[in-house]
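Notes follow the structure.
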Amino acid sequence: MTVAADHPITLRRRRWLDAALTFVRRQPLGTVGLVVVIVAALAGLSAEWIAPYNPTSNDFAVMTEPPSAAHWLGTDQFGRDLLSRIIYGARTALIIGFVSAFVGGFAGLVLGVGSAYFGGLIDLALQRVMDILMAFPLIIMALAVVAIFGTGVQNVIIAITVPLIPRCARVVRASALSIREVPYIDAARTCGFGHVRIILRHMVPNVVAPFLIMLTAFVGQAILAEASLSYLGLGVQEPVPAWGLMLQGGAEEYASTAPWIAIFPGLAIALTVFGFSLFGDALRDAIDPKLRER
Amino acid sequence: MKIRNGWRATLVIALLATTPALAQTPKKGGTFTYMIPADAPPSLDGHKENTFATLQATAPFYSTLIAVNPDNPSSTTDFVCDLCTEMPKPTDDGKTYTFKIRKDVKFHDGTPLSAADVALSWQYIVHPPKGVSSARESYMVMVDTVENPDPETVVFKLKFATSAFLPALADPYAYIYKKETLEKDPSWFEKNVMGSGPFKFSAYEIGQSIKGTRNPDYYHAGQPYLDGFVAIFAAKQSVRVDAIRADRAVTEFRGMPPSARDELVKELGDKVTVQTSDWNCVNLLTPNQKKKPFDDVKVRRALALAIDQWKGAPALSKIATVHTVGGLVFPGSPLAATKDELIKMSAFSTDMDKARAEAKKLLKEAGAENLKFELMNRNVDQPYKFIATWAIDEWSKIGVKATQKVLPTGPFYEALRSGSFEVAVEFNCQNLVNPLLDVAKVLPRSVYPENYGGYEDPKLIELYNTMLTETDATKQREKMRAFETYALDTQVDTIMTPWWERIIVARSYMKGWKISPSHYINLNLANIWLDK
């Protein structure tokens, strides 16, 4: 039926499909990263259905069992199934990763564009605050926030979100500064549009490309920060399944006697962060017009 | 004086039998290096501090009046003289103890030690003058006066006769300081060391190490055997394990988790020995009775009923430094409850299906069927976090959802003291086994400042006081049962977890040292020698 082929929705779908196929063809590593991210996301979303065991239920009959048919990735010191904990851990990692990255990213986007748009004293003051926040490495800032608010999922999200804000704001501001001077922004001002409209309708869409790339990097960074905090005993707490926590429980005490307790959550962290990094790099190559033309 | 043969520590030797070693003649010489599993202690003053880091760093420099028998440290009732000449028999209906002090003891500066030094040190411990801090003042409530009628005699007069006195007197922190220095500046010992013990102070690098050399004038003939010692501070377990593995240190005296023991035994075989003992430490799960619904005894009992002590203890002992199911009293003590006595209490049921059904029923009656709460814990892995993970899973079996909130030590104690918690994993860990004083932990805060349950209970105090002043051993045991049953079963003021297990892994050339139920005693190194 040629009618359907001419329908605008179908055309849009085809454009998306073409874009996806082009991405797969031109960015094979990025595609691998995307697959890893999708697998992790699916695991986290469907943990209740696919995890073979309750991730928090102790089973003293099978403590520190090596990988077997019953427990594919073995069990930890409490006899908990490692595969189930890693599947549920994906949920913890992605919830913390995505929420931190999106909240931090959007806050940074608003502050960055706003700072560039208004300029003057507002820009000066905001950028000095960002300078102060950026003076601390991400993990140090996160440690400080956890020390103030305490441990737990919510506080870990806050701890990771806060240091991400200035990083996003600084990059977004740089892009927005050049956009602020283009004629259509002047035209919008001449038409009498308000600041909010100009920022949201005319400036933000033009900094979305670097913003999206940064978001993917932020998710990976946030997952790593969560794992680091949990490893230090300052992130989420037992019995919540979380990769960093699992690593912490296994690495120090069972590295030689039951290495699988540390190896598998370590692999999960490494793979997922690697996946986000590959995908982020590929996304940058795909979106950036200069790189895309090469 | 051997009061009574108590429980004996389990001695497990990995591949190397100790019996022939103990029979060997001690060899002299060598420097003994051991690890202290802590950062720098707040000060070096044993009278002021509570932390084992102070004790494990300074005990070799000091003498005490009496001590737990170093040849039988696993006994809870075997005490011997250190500075005294003979363990005294009490007079005045058990209210007066007269000690004769050795004449051959010198401080490390060469001046003689006399009864006046002993008396003043104890006076400062029992009744510290204004501005002087004594961490053990509350343990010596039975002492009225400490006098020295002549240069060789020290007399303790008690307010009431109690069998808790001698164990309290054997407190390993009760260092004998020089009278002149103590009177001049009681805080001098916070930053300086000068005692009369087996080793003389050599050097101290804060947070790094402390060193001592042999005291040639030591009064116990032939001791110490070592030329000197180096104690290295290392808070991280992996550092300590690596040090023993690489033979950079001989041992540590606090205790290792089973996983570290297994790792070292697997890698070093007969190059290490392992000694294990029940440990006079226990974690308690304490509900805050000032917070609802924990003010309801039904809720507290439900939480206790849910926990399978008998199945949990052997399983946890494989991964954590816990081992023995027990009540309020250290399991090795003659005053401790037997298994038959324990299972009479609902918190120690052996029929878990029935117990958990009862727990659900109690929660329903209390209107707390979907109970959710936060379990506050200290940021210490062994065994605190293991205990919490286990308890949370046990509670989930009666439908209770608990989450764990972990705080660093400072904020943890702040929250305990301010009562800003729902249920807390706390601990009762005493210097040496003295059940009559140790169980005071469950007394209301108005009596025992380190109780955080948020309750007042005159009946509990009355039960305790009648037990404390009872001098007949059989009657005292009966009264202990009544006190324990009231606290753990009737009121469920706290929920017991398995008592800790002390595991000491040492290079097998370390000889002469025997494990005890406390990581605070038998630490002056006088009896240790190196078979190299």
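Labeling convention for the structure tokens: chains A, B, ... as they appear, residues from 1 per chain, ligands from 1 in order of appearance.
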Test item: residues at most 10 Å from Ala67 in chain B, only C-alpha atoms, excluding those fewer than 6 positions along its chain, as a CSV table (one decimal) with N, CA and C atoms, in the first residue's frame:
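This went into selection-v4.csv:
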chain,number,residue,atom,x,y,z
B,73,PRO,N,44.2,-17.3,81.3
B,73,PRO,CA,43.3,-16.0,81.1
B,73,PRO,C,41.9,-16.3,80.6
B,78,ASP,N,39.9,-16.4,87.8
B,78,ASP,CA,41.2,-16.7,88.3
B,78,ASP,C,42.1,-15.4,88.3
B,79,PHE,N,42.3,-14.8,89.4
B,79,PHE,CA,43.1,-13.6,89.5
B,79,PHE,C,44.4,-13.8,90.3
B,80,VAL,N,45.4,-13.1,89.9
B,80,VAL,CA,46.7,-13.3,90.6
B,80,VAL,C,47.3,-11.9,90.9
B,81,CYS,N,48.2,-11.9,91.8
B,81,CYS,CA,48.9,-10.6,92.1
B,81,CYS,C,49.8,-10.2,91.0
B,82,ASP,N,49.8,-8.9,90.8
B,82,ASP,CA,50.9,-8.3,90.0
B,82,ASP,C,51.8,-7.5,90.9
B,83,LEU,N,51.3,-6.5,91.5
B,83,LEU,CA,52.1,-5.7,92.4
B,83,LEU,C,52.0,-6.2,93.9
B,166,LEU,N,36.5,-8.1,93.2
B,166,LEU,CA,37.9,-8.6,92.7
B,166,LEU,C,38.0,-8.4,91.2
B,167,PRO,N,37.0,-8.9,90.4
B,167,PRO,CA,37.1,-8.7,89.0
B,167,PRO,C,37.2,-7.2,88.6
B,168,ALA,N,36.6,-6.4,89.3
B,168,ALA,CA,36.7,-4.9,89.0
B,168,ALA,C,38.1,-4.4,89.3
B,169,LEU,N,38.7,-5.0,90.3
B,169,LEU,CA,40.0,-4.6,90.7
B,169,LEU,C,41.1,-5.1,89.7
B,170,ALA,N,40.8,-6.1,89.0
B,170,ALA,CA,41.7,-6.6,88.0
B,170,ALA,C,41.6,-5.9,86.7
B,171,ASP,N,40.9,-4.8,86.7
B,171,ASP,CA,40.8,-4.0,85.5
B,171,ASP,C,42.1,-3.7,84.8
B,172,PRO,N,42.3,-4.0,83.6
B,172,PRO,CA,43.6,-3.9,82.9
B,172,PRO,C,44.0,-2.4,82.7
B,174,ALA,N,43.8,-0.2,85.0
B,174,ALA,CA,44.0,0.4,86.3
B,174,ALA,C,45.6,0.5,86.5
B,521,ILE,N,42.7,-7.9,78.1
B,521,ILE,CA,43.6,-8.4,79.1
B,521,ILE,C,44.7,-9.3,78.6
B,522,ASN,N,45.7,-9.6,79.5
B,522,ASN,CA,46.9,-10.4,79.1
B,522,ASN,C,47.6,-9.7,77.9
Could you tell me which residues of chain B sit within 7 Å of chain A when counting only C-alpha atoms, and give me the result as an MDAnalysis selection string?
chainID B and resid 238 259:260 263 315 319 389 393 404:406
Would you mind listing what lies within 7 Å of range 166-176 of chain A as a list in words, with only C-alpha atoms counted and same-chain residues fewer than 6 positions away left out?
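Here the answer would be Gly105, Gly108, Leu109, Leu111, Gly112, Val113, Ser115, Ala116, Met130, Leu133, Met134, Met203, Val207 and Phe211 of chain A.
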Next, the residues of the selection above should be written as a compact mmCIF listing (two decimals), in the first residue's frame with C-alpha atoms.
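Below you can see selection_18.txt, which holds the result:
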# COMPACT_ATOMS: atom_id res chain seq x y z
CA GLY A 105 21.73 17.78 34.11
CA GLY A 108 22.75 22.59 35.10
CA LEU A 109 20.96 23.25 31.80
CA LEU A 111 21.49 27.54 35.25
CA GLY A 112 23.90 27.41 32.31
CA VAL A 113 21.51 28.85 29.75
CA SER A 115 23.61 32.47 33.18
CA ALA A 116 24.61 32.95 29.54
CA MET A 130 30.15 26.99 39.93
CA LEU A 133 31.63 23.67 43.44
CA MET A 134 33.87 22.46 40.62
CA MET A 203 18.10 28.85 23.31
CA VAL A 207 22.25 23.41 23.26
CA PHE A 211 23.54 18.40 26.74
Give the alpha helix (DSSP H) residues of range 22-121 of chain A, as assigned by DSSP on the backbone, as JSON, numbers by chain.
{"A": [22, 23, 24, 25, 26, 28, 29, 30, 31, 32, 33, 34, 35, 36, 37, 38, 39, 40, 41, 42, 43, 44, 45, 47, 48, 49, 50, 82, 83, 84, 85, 86, 87, 88, 89, 90, 91, 92, 93, 94, 95, 96, 97, 98, 99, 100, 101, 102, 103, 104, 105, 106, 107, 108, 109, 110, 111, 112, 113, 114, 115, 116, 117, 118, 120, 121]}
Report, in Å to a single decimal, how far apart CA of Pro314 in chain B and CA of Ile263 in chain A are.
27.0 Å
Could you list, as a ChimeraX atom specification, every residue within 9 Å of Ala506 in chain B, counting only C-alpha atoms and ignoring same-chain residues fewer than 2 positions away?
/B:244,249-252,271-275,504,508-510
Let me see the file: selected residues, C-alpha atoms, as a PDB file, in the first residue's frame.
ATOM      1  CA  ILE B 244      51.013 -11.082  59.102  1.00  0.00           C
ATOM      2  CA  ALA B 249      53.983  -8.469  62.096  1.00  0.00           C
ATOM      3  CA  VAL B 250      53.478 -11.488  64.327  1.00  0.00           C
ATOM      4  CA  THR B 251      49.834 -10.994  65.218  1.00  0.00           C
ATOM      5  CA  GLU B 252      47.118  -8.629  66.349  1.00  0.00           C
ATOM      6  CA  LYS B 271      53.488 -21.005  59.827  1.00  0.00           C
ATOM      7  CA  VAL B 272      50.526 -19.640  61.756  1.00  0.00           C
ATOM      8  CA  THR B 273      48.585 -20.781  64.787  1.00  0.00           C
ATOM      9  CA  VAL B 274      44.975 -19.942  65.500  1.00  0.00           C
ATOM     10  CA  GLN B 275      43.469 -19.515  68.937  1.00  0.00           C
ATOM     11  CA  ILE B 504      43.663 -14.658  67.029  1.00  0.00           C
ATOM     12  CA  SER B 508      53.632 -19.890  64.975  1.00  0.00           C
ATOM     13  CA  TYR B 509      56.951 -18.764  66.441  1.00  0.00           C
ATOM     14  CA  MET B 510      55.026 -16.625  68.952  1.00  0.00           C
TER      15      MET B 510
END
